[in-house]
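A.B. asks: One file is attached below, target20.cif, containing mmCIF, C-alpha atoms.
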data_entry
#
loop_
_atom_site.label_atom_id
_atom_site.label_comp_id
_atom_site.auth_asym_id
_atom_site.auth_seq_id
_atom_site.Cartn_x
_atom_site.Cartn_y
_atom_site.Cartn_z
CA MET A 1 -28.06 18.67 19.23
CA ALA A 2 -26.29 21.58 17.62
CA SER A 3 -28.05 24.48 15.88
CA ASN A 4 -27.13 25.37 12.31
CA GLU A 5 -25.04 28.28 13.62
CA GLU A 6 -23.17 25.93 15.95
CA ILE A 7 -22.60 23.43 13.15
CA LEU A 8 -21.23 26.20 10.91
CA ALA A 9 -18.91 27.41 13.66
CA GLY A 10 -17.75 23.85 14.34
CA LEU A 11 -17.12 23.20 10.65
CA ALA A 12 -15.20 26.46 10.35
CA GLU A 13 -12.96 25.31 13.20
CA ILE A 14 -12.34 21.95 11.51
CA VAL A 15 -11.62 23.61 8.15
CA ASN A 16 -9.25 26.04 9.89
CA GLU A 17 -7.36 23.20 11.52
CA GLU A 18 -7.00 21.27 8.24
CA THR A 19 -6.26 24.14 5.86
CA GLY A 20 -5.33 27.18 7.95
CA LEU A 21 -8.20 29.15 6.39
CA ALA A 22 -9.67 31.86 8.65
CA PRO A 23 -12.91 30.59 10.24
CA GLU A 24 -14.74 33.74 8.97
CA ALA A 25 -14.03 32.62 5.40
CA VAL A 26 -16.12 29.50 5.91
CA GLU A 27 -19.58 30.78 4.91
CA LEU A 28 -22.71 28.86 3.94
CA ASP A 29 -22.62 29.75 0.24
CA LYS A 30 -18.93 28.94 -0.21
CA SER A 31 -17.97 25.96 -2.38
CA PHE A 32 -15.41 23.70 -0.73
CA THR A 33 -13.45 23.20 -3.93
CA ASP A 34 -13.99 26.39 -5.94
CA ASP A 35 -14.00 29.02 -3.16
CA LEU A 36 -12.08 27.42 -0.31
CA ASP A 37 -9.66 25.47 -2.54
CA ILE A 38 -10.10 22.29 -0.49
CA ASP A 39 -8.90 19.16 -2.30
CA SER A 40 -10.54 15.73 -2.10
CA ILE A 41 -8.10 14.44 0.52
CA SER A 42 -8.55 17.45 2.82
CA MET A 43 -12.31 17.15 2.28
CA MET A 44 -12.21 13.58 3.58
CA THR A 45 -10.23 14.67 6.64
CA ILE A 46 -12.80 17.40 7.30
CA VAL A 47 -15.64 14.88 6.89
CA VAL A 48 -14.13 12.41 9.36
CA ASN A 49 -13.47 15.16 11.90
CA ALA A 50 -17.04 16.45 11.45
CA GLU A 51 -18.41 12.94 12.01
CA GLU A 52 -16.56 12.81 15.30
CA LYS A 53 -17.47 16.32 16.39
CA PHE A 54 -21.18 16.08 15.61
CA ASP A 55 -21.60 12.34 16.21
CA VAL A 56 -23.06 11.65 12.75
CA LYS A 57 -22.22 9.28 9.87
CA ILE A 58 -21.37 10.86 6.52
CA PRO A 59 -21.14 7.99 4.00
CA ASP A 60 -18.54 8.15 1.21
CA GLU A 61 -21.23 8.43 -1.47
CA GLU A 62 -22.72 11.43 0.36
CA VAL A 63 -19.41 13.33 0.44
CA LYS A 64 -19.63 13.94 -3.31
CA ASN A 65 -22.95 15.78 -2.79
CA LEU A 66 -21.51 18.17 -0.22
CA LYS A 67 -20.53 20.92 -2.65
CA THR A 68 -20.97 23.95 -0.40
CA VAL A 69 -20.51 24.62 3.30
CA GLY A 70 -24.32 25.01 3.45
CA ASP A 71 -24.76 21.49 2.00
CA ALA A 72 -22.58 20.10 4.79
CA VAL A 73 -24.40 22.06 7.50
CA SER A 74 -27.80 20.85 6.21
CA PHE A 75 -26.63 17.26 5.97
CA ILE A 76 -25.19 17.26 9.49
CA ALA A 77 -28.31 18.96 10.91
CA GLY A 78 -30.50 16.36 9.16
CA ALA A 79 -28.35 13.46 10.32
CA GLN A 80 -28.55 14.68 13.91
CA ALA A 81 -32.33 14.97 13.84
CA MET B 1 -2.14 -53.34 14.78
CA SER B 2 -1.25 -50.26 16.78
CA THR B 3 -1.85 -46.79 15.38
CA PRO B 4 1.48 -45.33 14.27
CA THR B 5 2.51 -41.94 15.69
CA LEU B 6 3.00 -39.33 13.02
CA LYS B 7 6.14 -37.26 13.07
CA GLN B 8 5.80 -33.49 13.01
CA ASN B 9 8.39 -30.81 12.39
CA PRO B 10 10.54 -29.74 15.30
CA THR B 11 9.69 -26.07 15.85
CA HIS B 12 11.76 -22.90 16.28
CA ALA B 13 11.23 -20.67 19.31
CA GLY B 14 11.16 -17.45 17.31
CA SER B 15 11.67 -15.93 13.91
CA THR B 16 13.25 -12.72 12.73
CA ILE B 17 14.38 -10.85 9.63
CA VAL B 18 18.00 -11.82 9.00
CA GLY B 19 18.66 -10.07 5.69
CA ILE B 20 17.20 -7.42 3.39
CA GLY B 21 17.64 -6.49 -0.26
CA ALA B 22 16.25 -4.04 -2.79
CA TYR B 23 16.16 -3.30 -6.47
CA ARG B 24 15.32 0.12 -7.84
CA PRO B 25 14.93 0.35 -11.61
CA SER B 26 16.89 2.91 -13.58
CA VAL B 27 14.29 5.07 -15.30
CA ILE B 28 13.34 8.17 -13.29
CA VAL B 29 9.92 9.62 -14.15
CA THR B 30 9.52 13.20 -12.93
CA ASN B 31 6.32 15.14 -12.31
CA GLU B 32 7.14 17.14 -15.45
CA ASP B 33 7.12 13.87 -17.40
CA VAL B 34 3.74 12.97 -15.87
CA CYS B 35 2.33 16.38 -16.88
CA GLN B 36 2.86 15.46 -20.53
CA TRP B 37 0.14 12.84 -20.01
CA ILE B 38 -2.27 14.47 -17.57
CA ASP B 39 -3.29 18.09 -17.12
CA SER B 40 -1.48 18.82 -13.84
CA SER B 41 1.61 20.49 -12.39
CA ASP B 42 4.63 19.56 -10.31
CA GLU B 43 3.22 21.68 -7.47
CA TRP B 44 -0.22 20.01 -7.60
CA ILE B 45 1.26 16.50 -7.58
CA GLN B 46 3.69 17.26 -4.76
CA GLN B 47 1.04 18.93 -2.64
CA ARG B 48 -1.46 16.12 -3.01
CA THR B 49 0.83 13.11 -2.96
CA GLY B 50 4.32 14.13 -1.80
CA ILE B 51 5.74 12.42 -4.88
CA ILE B 52 8.62 14.11 -6.71
CA THR B 53 9.81 11.19 -8.86
CA ARG B 54 9.09 7.53 -9.36
CA HIS B 55 11.39 4.78 -10.61
CA ARG B 56 10.16 2.72 -13.52
CA ALA B 57 11.71 -0.28 -15.22
CA PRO B 58 12.57 -0.29 -18.93
CA ARG B 59 10.60 -2.64 -21.16
CA GLU B 60 13.22 -5.38 -21.08
CA VAL B 61 13.33 -5.59 -17.26
CA SER B 62 10.62 -7.86 -15.80
CA VAL B 63 9.08 -8.30 -12.35
CA VAL B 64 11.07 -11.52 -12.08
CA ASP B 65 14.37 -9.77 -12.93
CA MET B 66 13.80 -7.15 -10.24
CA ALA B 67 12.72 -9.76 -7.67
CA VAL B 68 15.80 -11.89 -8.35
CA ASP B 69 18.11 -8.92 -7.78
CA ALA B 70 16.42 -7.91 -4.52
CA GLY B 71 16.21 -11.53 -3.34
CA ALA B 72 19.87 -12.23 -4.07
CA GLU B 73 20.90 -9.18 -2.04
CA ALA B 74 18.70 -10.28 0.88
CA ILE B 75 20.23 -13.78 0.86
CA LYS B 76 23.76 -12.36 0.70
CA ASN B 77 22.92 -9.89 3.47
CA ALA B 78 21.58 -12.77 5.60
CA GLY B 79 24.92 -14.58 5.23
CA ILE B 80 23.32 -17.82 4.03
CA GLU B 81 23.47 -19.88 0.84
CA PRO B 82 20.51 -19.80 -1.60
CA SER B 83 20.22 -23.58 -1.12
CA GLN B 84 19.26 -22.97 2.53
CA ILE B 85 16.06 -21.16 1.48
CA GLY B 86 13.13 -23.39 2.42
CA ALA B 87 10.34 -21.39 0.76
CA VAL B 88 10.01 -18.47 -1.64
CA LEU B 89 6.97 -16.21 -1.27
CA VAL B 90 6.48 -13.49 -3.87
CA SER B 91 3.89 -10.78 -3.42
CA THR B 92 2.96 -9.15 -6.70
CA VAL B 93 -0.01 -8.00 -8.74
CA SER B 94 1.98 -7.24 -11.88
CA HIS B 95 3.49 -10.60 -12.85
CA PRO B 96 1.91 -10.89 -16.31
CA TYR B 97 1.02 -14.61 -16.10
CA ALA B 98 -1.90 -15.95 -14.08
CA THR B 99 0.16 -19.14 -14.08
CA PRO B 100 2.90 -20.30 -13.73
CA SER B 101 3.91 -18.22 -10.73
CA ALA B 102 6.68 -15.67 -10.61
CA ALA B 103 7.89 -17.35 -7.42
CA ALA B 104 8.82 -20.69 -9.01
CA LEU B 105 10.93 -18.97 -11.65
CA ILE B 106 12.53 -16.67 -9.12
CA ALA B 107 13.36 -19.61 -6.82
CA ASP B 108 15.10 -21.32 -9.73
CA LYS B 109 17.01 -18.24 -10.89
CA ILE B 110 18.13 -17.44 -7.37
CA GLY B 111 19.49 -20.91 -6.67
CA ALA B 112 16.73 -22.00 -4.29
CA ASN B 113 15.27 -24.72 -6.59
CA PRO B 114 13.49 -27.01 -5.40
CA ALA B 115 12.14 -24.87 -2.54
CA PRO B 116 8.36 -24.53 -2.43
CA ALA B 117 7.46 -21.27 -4.12
CA TYR B 118 4.21 -19.39 -4.61
CA ASP B 119 2.83 -15.95 -5.35
CA ILE B 120 0.68 -13.95 -2.98
CA SER B 121 -2.04 -11.71 -4.42
CA ALA B 122 -2.61 -9.19 -1.67
CA ALA B 123 -1.65 -6.00 -3.50
CA CYS B 124 -0.10 -3.37 -1.24
CA ALA B 125 -0.55 -5.58 1.84
CA GLY B 126 1.24 -8.46 0.11
CA TYR B 127 4.61 -7.97 1.76
CA CYS B 128 3.09 -7.97 5.27
CA TYR B 129 1.04 -11.06 4.33
CA GLY B 130 4.30 -12.70 3.22
CA VAL B 131 6.09 -11.80 6.45
CA ALA B 132 3.18 -13.23 8.47
CA GLN B 133 3.32 -16.49 6.51
CA ALA B 134 7.11 -16.71 6.69
CA ASP B 135 7.00 -16.21 10.44
CA ALA B 136 4.54 -19.10 10.73
CA LEU B 137 6.56 -21.34 8.38
CA VAL B 138 9.80 -20.76 10.29
CA ARG B 139 8.39 -21.11 13.81
CA SER B 140 6.44 -24.23 12.89
CA GLY B 141 9.62 -25.74 11.51
CA VAL B 142 8.36 -26.05 7.93
CA ALA B 143 11.36 -24.07 6.75
CA ASP B 144 14.53 -22.73 8.32
CA TYR B 145 14.77 -19.74 6.03
CA VAL B 146 12.02 -18.13 3.97
CA LEU B 147 12.60 -15.56 1.25
CA VAL B 148 9.80 -12.98 1.10
CA ILE B 149 9.77 -10.67 -1.90
CA GLY B 150 7.50 -7.78 -2.83
CA ALA B 151 8.01 -7.01 -6.53
CA GLU B 152 6.00 -4.87 -8.91
CA LYS B 153 6.23 -3.59 -12.43
CA LEU B 154 3.15 -1.42 -12.13
CA SER B 155 4.15 0.60 -15.18
CA ASP B 156 2.87 -2.38 -17.21
CA VAL B 157 -0.64 -2.07 -15.74
CA ILE B 158 -1.26 1.67 -15.81
CA ASP B 159 -2.74 4.11 -18.28
CA ASN B 160 -0.54 7.21 -18.17
CA HIS B 161 -3.48 9.37 -19.23
CA GLU B 162 -5.81 8.54 -16.32
CA ARG B 163 -5.56 10.50 -13.10
CA THR B 164 -6.85 8.43 -10.20
CA ILE B 165 -3.77 6.31 -9.58
CA SER B 166 -1.37 5.90 -12.51
CA PHE B 167 0.75 8.98 -11.78
CA LEU B 168 1.43 7.70 -8.25
CA LEU B 169 2.89 4.38 -9.28
CA GLY B 170 6.43 3.13 -9.69
CA ASP B 171 8.31 -0.14 -10.13
CA GLY B 172 10.75 -1.95 -7.87
CA ALA B 173 11.41 -4.92 -5.62
CA GLY B 174 12.28 -5.42 -1.99
CA ALA B 175 13.07 -8.67 -0.19
CA VAL B 176 13.82 -10.09 3.22
CA VAL B 177 15.04 -13.44 4.49
CA ILE B 178 13.26 -14.61 7.61
CA GLY B 179 15.03 -17.19 9.74
CA PRO B 180 14.94 -18.80 13.19
CA SER B 181 15.91 -16.86 16.31
CA ASP B 182 15.89 -17.36 20.07
CA GLU B 183 14.24 -13.98 20.59
CA PRO B 184 10.92 -13.06 18.94
CA GLY B 185 11.57 -10.76 15.97
CA ILE B 186 8.12 -10.67 14.35
CA SER B 187 4.94 -9.87 16.27
CA PRO B 188 1.56 -11.50 15.52
CA ALA B 189 0.06 -10.06 12.35
CA VAL B 190 -3.04 -7.93 12.52
CA TRP B 191 -4.36 -8.74 9.07
CA GLY B 192 -7.64 -9.05 7.27
CA SER B 193 -9.81 -8.07 4.35
CA ASP B 194 -12.92 -6.10 3.47
CA GLY B 195 -14.33 -7.43 0.22
CA SER B 196 -17.33 -5.10 0.50
CA LYS B 197 -14.93 -2.50 -0.94
CA TRP B 198 -13.69 -4.89 -3.65
CA ASP B 199 -14.36 -2.38 -6.43
CA THR B 200 -12.62 0.65 -4.91
CA ILE B 201 -9.16 -0.25 -6.28
CA GLY B 202 -8.51 -2.63 -9.13
CA MET B 203 -8.29 -3.35 -12.81
CA THR B 204 -10.58 -1.73 -15.38
CA SER B 205 -11.57 -5.11 -16.82
CA SER B 206 -11.05 -8.83 -16.35
CA LEU B 207 -9.22 -11.32 -18.54
CA LEU B 208 -12.66 -12.57 -19.67
CA ASP B 209 -13.41 -9.07 -20.97
CA VAL B 210 -10.14 -9.17 -22.88
CA ARG B 211 -11.11 -12.55 -24.37
CA ASP B 212 -14.60 -11.35 -25.35
CA PHE B 213 -13.17 -8.19 -26.83
CA SER B 214 -10.60 -10.12 -28.85
CA GLU B 215 -13.29 -12.46 -30.17
CA GLN B 216 -15.48 -9.53 -31.21
CA ALA B 217 -12.54 -7.72 -32.72
CA MET B 218 -11.68 -10.74 -34.82
CA LYS B 219 -15.26 -10.91 -36.12
CA SER B 220 -15.43 -7.20 -36.99
CA ASP B 221 -12.65 -5.06 -38.46
CA GLY B 222 -11.63 -4.13 -34.93
CA VAL B 223 -11.21 -0.44 -35.66
CA GLU B 224 -14.66 0.71 -34.50
CA LEU B 225 -14.37 -1.29 -31.31
CA ALA B 226 -11.00 0.13 -30.46
CA ALA B 227 -12.44 3.61 -30.76
CA ALA B 228 -14.95 2.98 -27.98
CA SER B 229 -13.58 3.77 -24.55
CA GLU B 230 -15.09 0.66 -22.95
CA ALA B 231 -13.44 -1.42 -25.57
CA HIS B 232 -10.16 0.33 -24.92
CA ALA B 233 -10.24 -0.79 -21.28
CA ALA B 234 -10.68 -4.38 -22.40
CA LEU B 235 -7.74 -4.14 -24.77
CA TRP B 236 -5.41 -3.91 -21.83
CA PRO B 237 -6.73 -3.72 -18.26
CA THR B 238 -5.15 -1.03 -16.10
CA LEU B 239 -5.46 0.12 -12.50
CA ARG B 240 -8.07 2.57 -11.16
CA GLN B 241 -9.12 3.66 -7.69
CA ASP B 242 -11.76 5.64 -5.88
CA GLY B 243 -9.20 7.83 -4.12
CA GLN B 244 -11.46 9.51 -1.62
CA THR B 245 -13.00 6.29 -0.28
CA VAL B 246 -9.62 4.60 -0.18
CA PHE B 247 -8.07 7.56 1.64
CA ARG B 248 -10.65 7.45 4.42
CA TRP B 249 -10.17 3.70 4.87
CA ALA B 250 -6.37 3.92 4.61
CA VAL B 251 -6.10 6.53 7.33
CA TRP B 252 -8.82 6.01 9.89
CA GLU B 253 -9.37 2.26 9.61
CA MET B 254 -5.67 1.54 9.22
CA ALA B 255 -4.75 3.75 12.19
CA LYS B 256 -6.94 1.42 14.30
CA MET B 257 -5.16 -1.64 12.88
CA ALA B 258 -1.71 -0.11 13.44
CA LYS B 259 -2.62 0.61 17.07
CA LYS B 260 -3.87 -2.95 17.43
CA ALA B 261 -0.59 -4.27 15.99
CA LEU B 262 1.32 -2.40 18.71
CA GLU B 263 -1.05 -3.76 21.32
CA VAL B 264 -0.72 -7.41 20.27
CA ALA B 265 3.06 -6.95 20.06
CA GLY B 266 2.96 -5.86 23.69
CA ILE B 267 4.70 -2.54 23.03
CA THR B 268 3.83 1.15 22.70
CA ALA B 269 4.79 3.72 20.08
CA ASP B 270 7.60 4.84 22.43
CA ASP B 271 9.32 1.48 21.92
CA LEU B 272 9.53 1.91 18.14
CA GLY B 273 12.60 2.94 16.21
CA ALA B 274 10.78 3.25 12.90
CA PHE B 275 7.35 3.39 11.30
CA VAL B 276 7.11 2.08 7.75
CA PRO B 277 3.60 2.25 6.33
CA HIS B 278 2.83 1.29 2.75
CA GLN B 279 4.05 4.16 0.59
CA ALA B 280 0.68 5.02 -0.94
CA ASN B 281 0.61 8.78 -0.60
CA MET B 282 2.57 11.16 1.66
CA ARG B 283 -0.70 12.61 2.94
CA ILE B 284 -1.77 9.14 4.14
CA ILE B 285 1.63 8.62 5.79
CA ASP B 286 1.45 12.01 7.55
CA GLU B 287 -2.12 11.51 8.69
CA LEU B 288 -1.38 7.96 9.95
CA ALA B 289 1.61 9.24 11.91
CA LYS B 290 -0.61 11.95 13.41
CA GLN B 291 -3.29 9.44 14.40
CA LEU B 292 -0.68 7.16 16.00
CA LYS B 293 0.82 10.07 17.95
CA LEU B 294 4.32 8.81 17.19
CA PRO B 295 7.04 10.25 19.40
CA GLU B 296 9.67 12.36 17.64
CA HIS B 297 12.42 9.76 17.84
CA VAL B 298 10.47 7.37 15.58
CA ILE B 299 11.89 7.61 12.05
CA ILE B 300 9.15 7.44 9.41
CA GLY B 301 9.71 5.77 6.04
CA ARG B 302 9.06 8.37 3.35
CA ASP B 303 10.57 6.63 0.35
CA ILE B 304 7.50 7.58 -1.70
CA ALA B 305 8.92 11.03 -2.46
CA ASP B 306 11.50 9.49 -4.80
CA ALA B 307 10.15 6.01 -5.48
CA GLY B 308 6.41 6.60 -5.89
CA ASN B 309 3.92 3.96 -4.79
CA THR B 310 5.34 0.51 -5.59
CA SER B 311 2.55 -1.58 -4.03
CA ALA B 312 3.93 -4.81 -2.52
CA ALA B 313 7.51 -3.56 -2.88
CA SER B 314 7.03 -0.31 -1.01
CA ILE B 315 7.55 -1.42 2.60
CA PRO B 316 10.73 -3.47 2.04
CA LEU B 317 12.11 -0.74 -0.27
CA ALA B 318 11.42 1.96 2.32
CA THR B 319 12.86 -0.21 5.10
CA HIS B 320 15.99 -0.95 3.07
CA ARG B 321 16.52 2.77 2.56
CA LEU B 322 15.90 3.65 6.23
CA LEU B 323 18.55 1.12 7.26
CA ALA B 324 21.03 2.47 4.70
CA GLU B 325 20.49 6.06 5.86
CA ASN B 326 20.15 5.28 9.59
CA PRO B 327 22.33 2.24 10.38
CA GLU B 328 21.62 2.78 14.09
CA LEU B 329 18.10 1.44 13.42
CA SER B 330 19.52 -2.09 13.11
CA GLY B 331 18.13 -4.18 15.97
CA LYS B 332 15.36 -1.69 16.69
CA LEU B 333 11.62 -2.26 16.26
CA SER B 334 9.68 -1.13 13.21
CA LEU B 335 5.89 -0.99 12.85
CA GLN B 336 4.92 -1.85 9.28
CA ILE B 337 1.46 -1.75 7.77
CA GLY B 338 0.37 -2.57 4.24
CA PHE B 339 -3.09 -1.88 2.84
CA GLY B 340 -4.65 -1.90 -0.59
CA ALA B 341 -6.74 -3.55 -3.28
CA GLY B 342 -9.08 -6.23 -1.98
CA LEU B 343 -9.39 -4.37 0.23
CA VAL B 344 -6.78 -6.13 2.35
CA PHE B 345 -4.45 -5.08 5.12
CA GLY B 346 -1.65 -6.48 7.24
CA ALA B 347 0.42 -5.00 10.06
CA GLN B 348 3.11 -6.26 12.38
CA VAL B 349 6.11 -5.11 14.39
CA VAL B 350 9.47 -6.45 13.23
CA ARG B 351 12.97 -6.22 14.60
CA LEU B 352 15.12 -4.59 11.92
CA PRO B 353 18.09 -6.63 10.65
#
What is this structure when it is put down as structure tokens?

C.D. replies:
Amino acid sequence: MASNEEILAGLAEIVNEETGLAPEAVELDKSFTDDLDIDSISMMTIVVNAEEKFDVKIPDEEVKNLKTVGDAVSFIAGAQA
Amino acid sequence: MSTPTLKQNPTHAGSTIVGIGAYRPSVIVTNEDVCQWIDSSDEWIQQRTGIITRHRAPREVSVVDMAVDAGAEAIKNAGIEPSQIGAVLVSTVSHPYATPSAAALIADKIGANPAPAYDISAACAGYCYGVAQADALVRSGVADYVLVIGAEKLSDVIDNHERTISFLLGDGAGAVVIGPSDEPGISPAVWGSDGSKWDTIGMTSSLLDVRDFSEQAMKSDGVELAAASEAHAALWPTLRQDGQTVFRWAVWEMAKMAKKALEVAGITADDLGAFVPHQANMRIIDELAKQLKLPEHVIIGRDIADAGNTSAASIPLATHRLLAENPELSGKLSLQIGFGAGLVFGAQVVRLP
């Protein structure tokens, strides 16, 4: 099981691969859409890659609730528990 | 009295595509045009969808007109007479009559009367469903030649002011003739459905809603009802989708099906000349290609940039264009996969005519 720091680092890597954003820019309080300018299609790609990386299920209806990077980290941590 | 032996059709060893045709309507709708209806920009639309223009048919051109044009070209290209067509299968979701079918009228107009003719309602997978059925009809000896058409006038079933799907869509028709061959030219279809996602793409309301609305409107003055947005949807049902859910399914589930189609065809991606997925969105096409790890020599159908998403017509239209631009693809193998409202999907490998 990954710690929150490890989840954040893993997410940053996934976001970097999808969007080219520097991993340091991916911080807990950042909004995927407003701050990181990630559109709904890229968001889905990030979600599927995160599912694979952290071995969790992130249902479609849950994706809409993942507004910030912190929301995603919390959800993944909870799903792993 | 002895039991008589029933006769059955003599069968054909294989089936293959022997001709292809296309019809692209004349009206070009640019992203600038679209931005008159929705708050967006050329850059936003191109970045998210890869679409630069879409072709749409003028009011006086029907689904049947477009299908007849595409079908006639496919028959001519096959080098056969329309009277040799043994079945006409038309995939469409935009023929504006629940009955009678578009196919019967098309068969008559094309010179294939009295061939059996029917419509297929499998949305963006409809063309692949048609190819699968045609393959079975030809090999089982039911027909020597089957005309398969994907034809859509989606501009009749969109609301230009909504932003989940309408701006993606275009009109057009593509057709193939499938006939007998000594060598296999169509692999087994990997096809199916997932009705648990029935409501992720579809019409805003049913014909029953339209009936109920009309009845209410006749009882009242109609004006107040028309003002309500729910009532507006019932006035004329149009298409909607849950883009994010559909995107996930279209890429990751369909990548599995595309891989399975290669497997059941007994080939690998290296053996392909072309990959022609349903032209839903350039981002889906790119992501599918990535998942399939296609080698560089495989030419990918990207007709969507100019044609938009034409549902059942998109695969034959994109294939027709690939063959026109890359004649060396003739005789090579193409992996095609359609997926859409239902949800339904169909994939197979075909030898290009």

A.B. asks: Distance limit 8 Å, atoms considered: all atoms listed in the file. Which chain A residues sit that close to chain B? Return them as a PyMOL selection string.

C.D. replies: chain A and resi 40-41+44-45+48+60

A.B. asks: Which residue gives the smallest distance to Ala22 of chain B among B:Ala57, B:Leu352, B:Val68, B:Ala289, with all atoms listed in the file counted?

C.D. replies: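 Of B:Ala57, B:Leu352, B:Val68, B:Ala289, the one nearest Ala22 of chain B, counting all atoms listed in the file, is B:Val68.
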
A.B. asks: Taking the point (-22.4, 25.5, 16.2) as given in the file, collect each protein or nucleic acid residue that comes within 12 Å of it, counting all atoms listed in the file, and present the set as a PDB file with C-alpha atoms, in the coordinates of the input.

C.D. replies:
ATOM      1  CA  MET A   1     -28.060  18.670  19.230  1.00  0.00           C
ATOM      2  CA  ALA A   2     -26.290  21.580  17.620  1.00  0.00           C
ATOM      3  CA  SER A   3     -28.050  24.480  15.880  1.00  0.00           C
ATOM      4  CA  ASN A   4     -27.130  25.370  12.310  1.00  0.00           C
ATOM      5  CA  GLU A   5     -25.040  28.280  13.620  1.00  0.00           C
ATOM      6  CA  GLU A   6     -23.170  25.930  15.950  1.00  0.00           C
ATOM      7  CA  ILE A   7     -22.600  23.430  13.150  1.00  0.00           C
ATOM      8  CA  LEU A   8     -21.230  26.200  10.910  1.00  0.00           C
ATOM      9  CA  ALA A   9     -18.910  27.410  13.660  1.00  0.00           C
ATOM     10  CA  GLY A  10     -17.750  23.850  14.340  1.00  0.00           C
ATOM     11  CA  LEU A  11     -17.120  23.200  10.650  1.00  0.00           C
ATOM     12  CA  ALA A  12     -15.200  26.460  10.350  1.00  0.00           C
ATOM     13  CA  GLU A  13     -12.960  25.310  13.200  1.00  0.00           C
ATOM     14  CA  ILE A  14     -12.340  21.950  11.510  1.00  0.00           C
ATOM     15  CA  ALA A  50     -17.040  16.450  11.450  1.00  0.00           C
ATOM     16  CA  LYS A  53     -17.470  16.320  16.390  1.00  0.00           C
ATOM     17  CA  PHE A  54     -21.180  16.080  15.610  1.00  0.00           C
ATOM     18  CA  VAL A  73     -24.400  22.060   7.500  1.00  0.00           C
ATOM     19  CA  ILE A  76     -25.190  17.260   9.490  1.00  0.00           C
ATOM     20  CA  ALA A  77     -28.310  18.960  10.910  1.00  0.00           C
TER      21      ALA A  77
END

A.B. asks: Could you tell me how far atom CA of Gln348 of chain B lies from atom CA of Arg139 of chain B, in Å and to one decimal?

C.D. replies: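 Computing it gives 15.8 Å between the two atoms.
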
A.B. asks: What's the separation between atom CA of Met282 of chain B and atom CA of Ala258 of chain B, in Å to one decimal place?

C.D. replies: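 We find that atom CA of Met282 of chain B and atom CA of Ala258 of chain B lie 16.9 Å from each other.
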
A.B. asks: Using only C-alpha atoms, which of B:Lys259, B:Lys109, B:His55, B:Arg240 sits nearest Lys293 of chain B?

C.D. replies: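 Ranked by minimum distance to Lys293 of chain B, first place goes to B:Lys259.
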
A.B. asks: Report, in Å to a single decimal, how far apart atom CA of Ile120 of chain B and atom CA of Leu322 of chain B are.

C.D. replies: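 We find that atom CA of Leu322 of chain B and atom CA of Ile120 of chain B lie 25.0 Å from each other.
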
A.B. asks: Once you count only C-alpha atoms, which residues end up no further than 6 Å from (-19.5, 28.1, 2.2) in the file's frame, shown as an MDAnalysis selection string?

C.D. replies: chainID A and resid 26:31 68:70

A.B. asks: Spell out the residues picked by the PyMOL selection byres ((chain B and resi 176) around 6) here, as a VMD selection string.

C.D. replies: chain B and resid 19 to 20 74 147 to 148 175 177

A.B. asks: Set the distance at 9 Å and use only C-alpha atoms: which residues neighbour Ala265 of chain B once local chain neighbours fewer than 3 positions away are removed? I'd like the list as a ChimeraX atom specification.

C.D. replies: /B:186-189,260-262,268,348-349

A.B. asks: Quick one: residues within 8 Å of Gly342 of chain B, only C-alpha atoms counted, chain neighbours fewer than 2 positions away excluded, as a list in words?

C.D. replies: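 Counting only the stated atoms, we get Ala122, Ala123, Ser193, Asp194, Gly195, Lys197, Trp198, Asp199, Ile201, Gly340 and Val344 of chain B.
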
A.B. asks: Output the residue selection produced by the PyMOL selection byres ((chain B and resi 132) around 9) on the file above, formatted as a VMD selection string.

C.D. replies: chain B and resid 127 to 131 133 to 137 186 to 189 191 346 to 348

A.B. asks: Which residue is closest to Pro10 of chain B? Choose from B:Glu73, B:Glu183, B:Glu43, B:Asp144 and count all atoms listed in the file.

C.D. replies: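 For Pro10 of chain B, the nearest of the given residues is B:Asp144.
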
A.B. asks: Name the closest residue to Asp37 of chain A among the candidates A:Asp71, A:Glu18, A:Asp55, A:Glu24; distances are taken between atoms, counting all atoms listed in the file.

C.D. replies: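 Ranked by minimum distance to Asp37 of chain A, first place goes to A:Glu18.
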
A.B. asks: Have a look at B:Val29, B:Ile51, B:Leu207, B:Val18 and name the one nearest to Arg302 of chain B; count only C-alpha atoms.

C.D. replies: B:Ile51

A.B. asks: Taking into account all atoms listed in the file, which residue in the set B:Ser91, B:Ile267, B:Lys332, B:Ala115 is nearest to Ile299 of chain B?

C.D. replies: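 Counting all atoms listed in the file, the residue closest to Ile299 of chain B is B:Lys332.
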
A.B. asks: Run the PyMOL selection byres ((chain B and resi 21) around 12) mentally over the shown coordinates, then write out the matched residues as number ranges by chain, using the chain letters and numbers from the document.

C.D. replies: B: 17-20, 22-24, 66-78, 147-151, 172-177, 313, 315-321, 323-324, 353

A.B. asks: Listed atoms of segment 27-42 of chain B, axis-aligned box, 3 Å per side: centre and edge lengths to one decimal in Å, as JSON?

C.D. replies:
{"center_x": 5.5, "center_y": 12.8, "center_z": -15.4, "size_x": 23.6, "size_y": 21.4, "size_z": 16.2}

A.B. asks: Name the residues in contact with Val47 of chain A at a cut-off of 9 Å, using only C-alpha atoms, excluding same-chain residues fewer than 6 positions from it; report them as a list in words.

C.D. replies: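 Within the cut-off, the hits are Ile58, Val63 and Ala72 of chain A.
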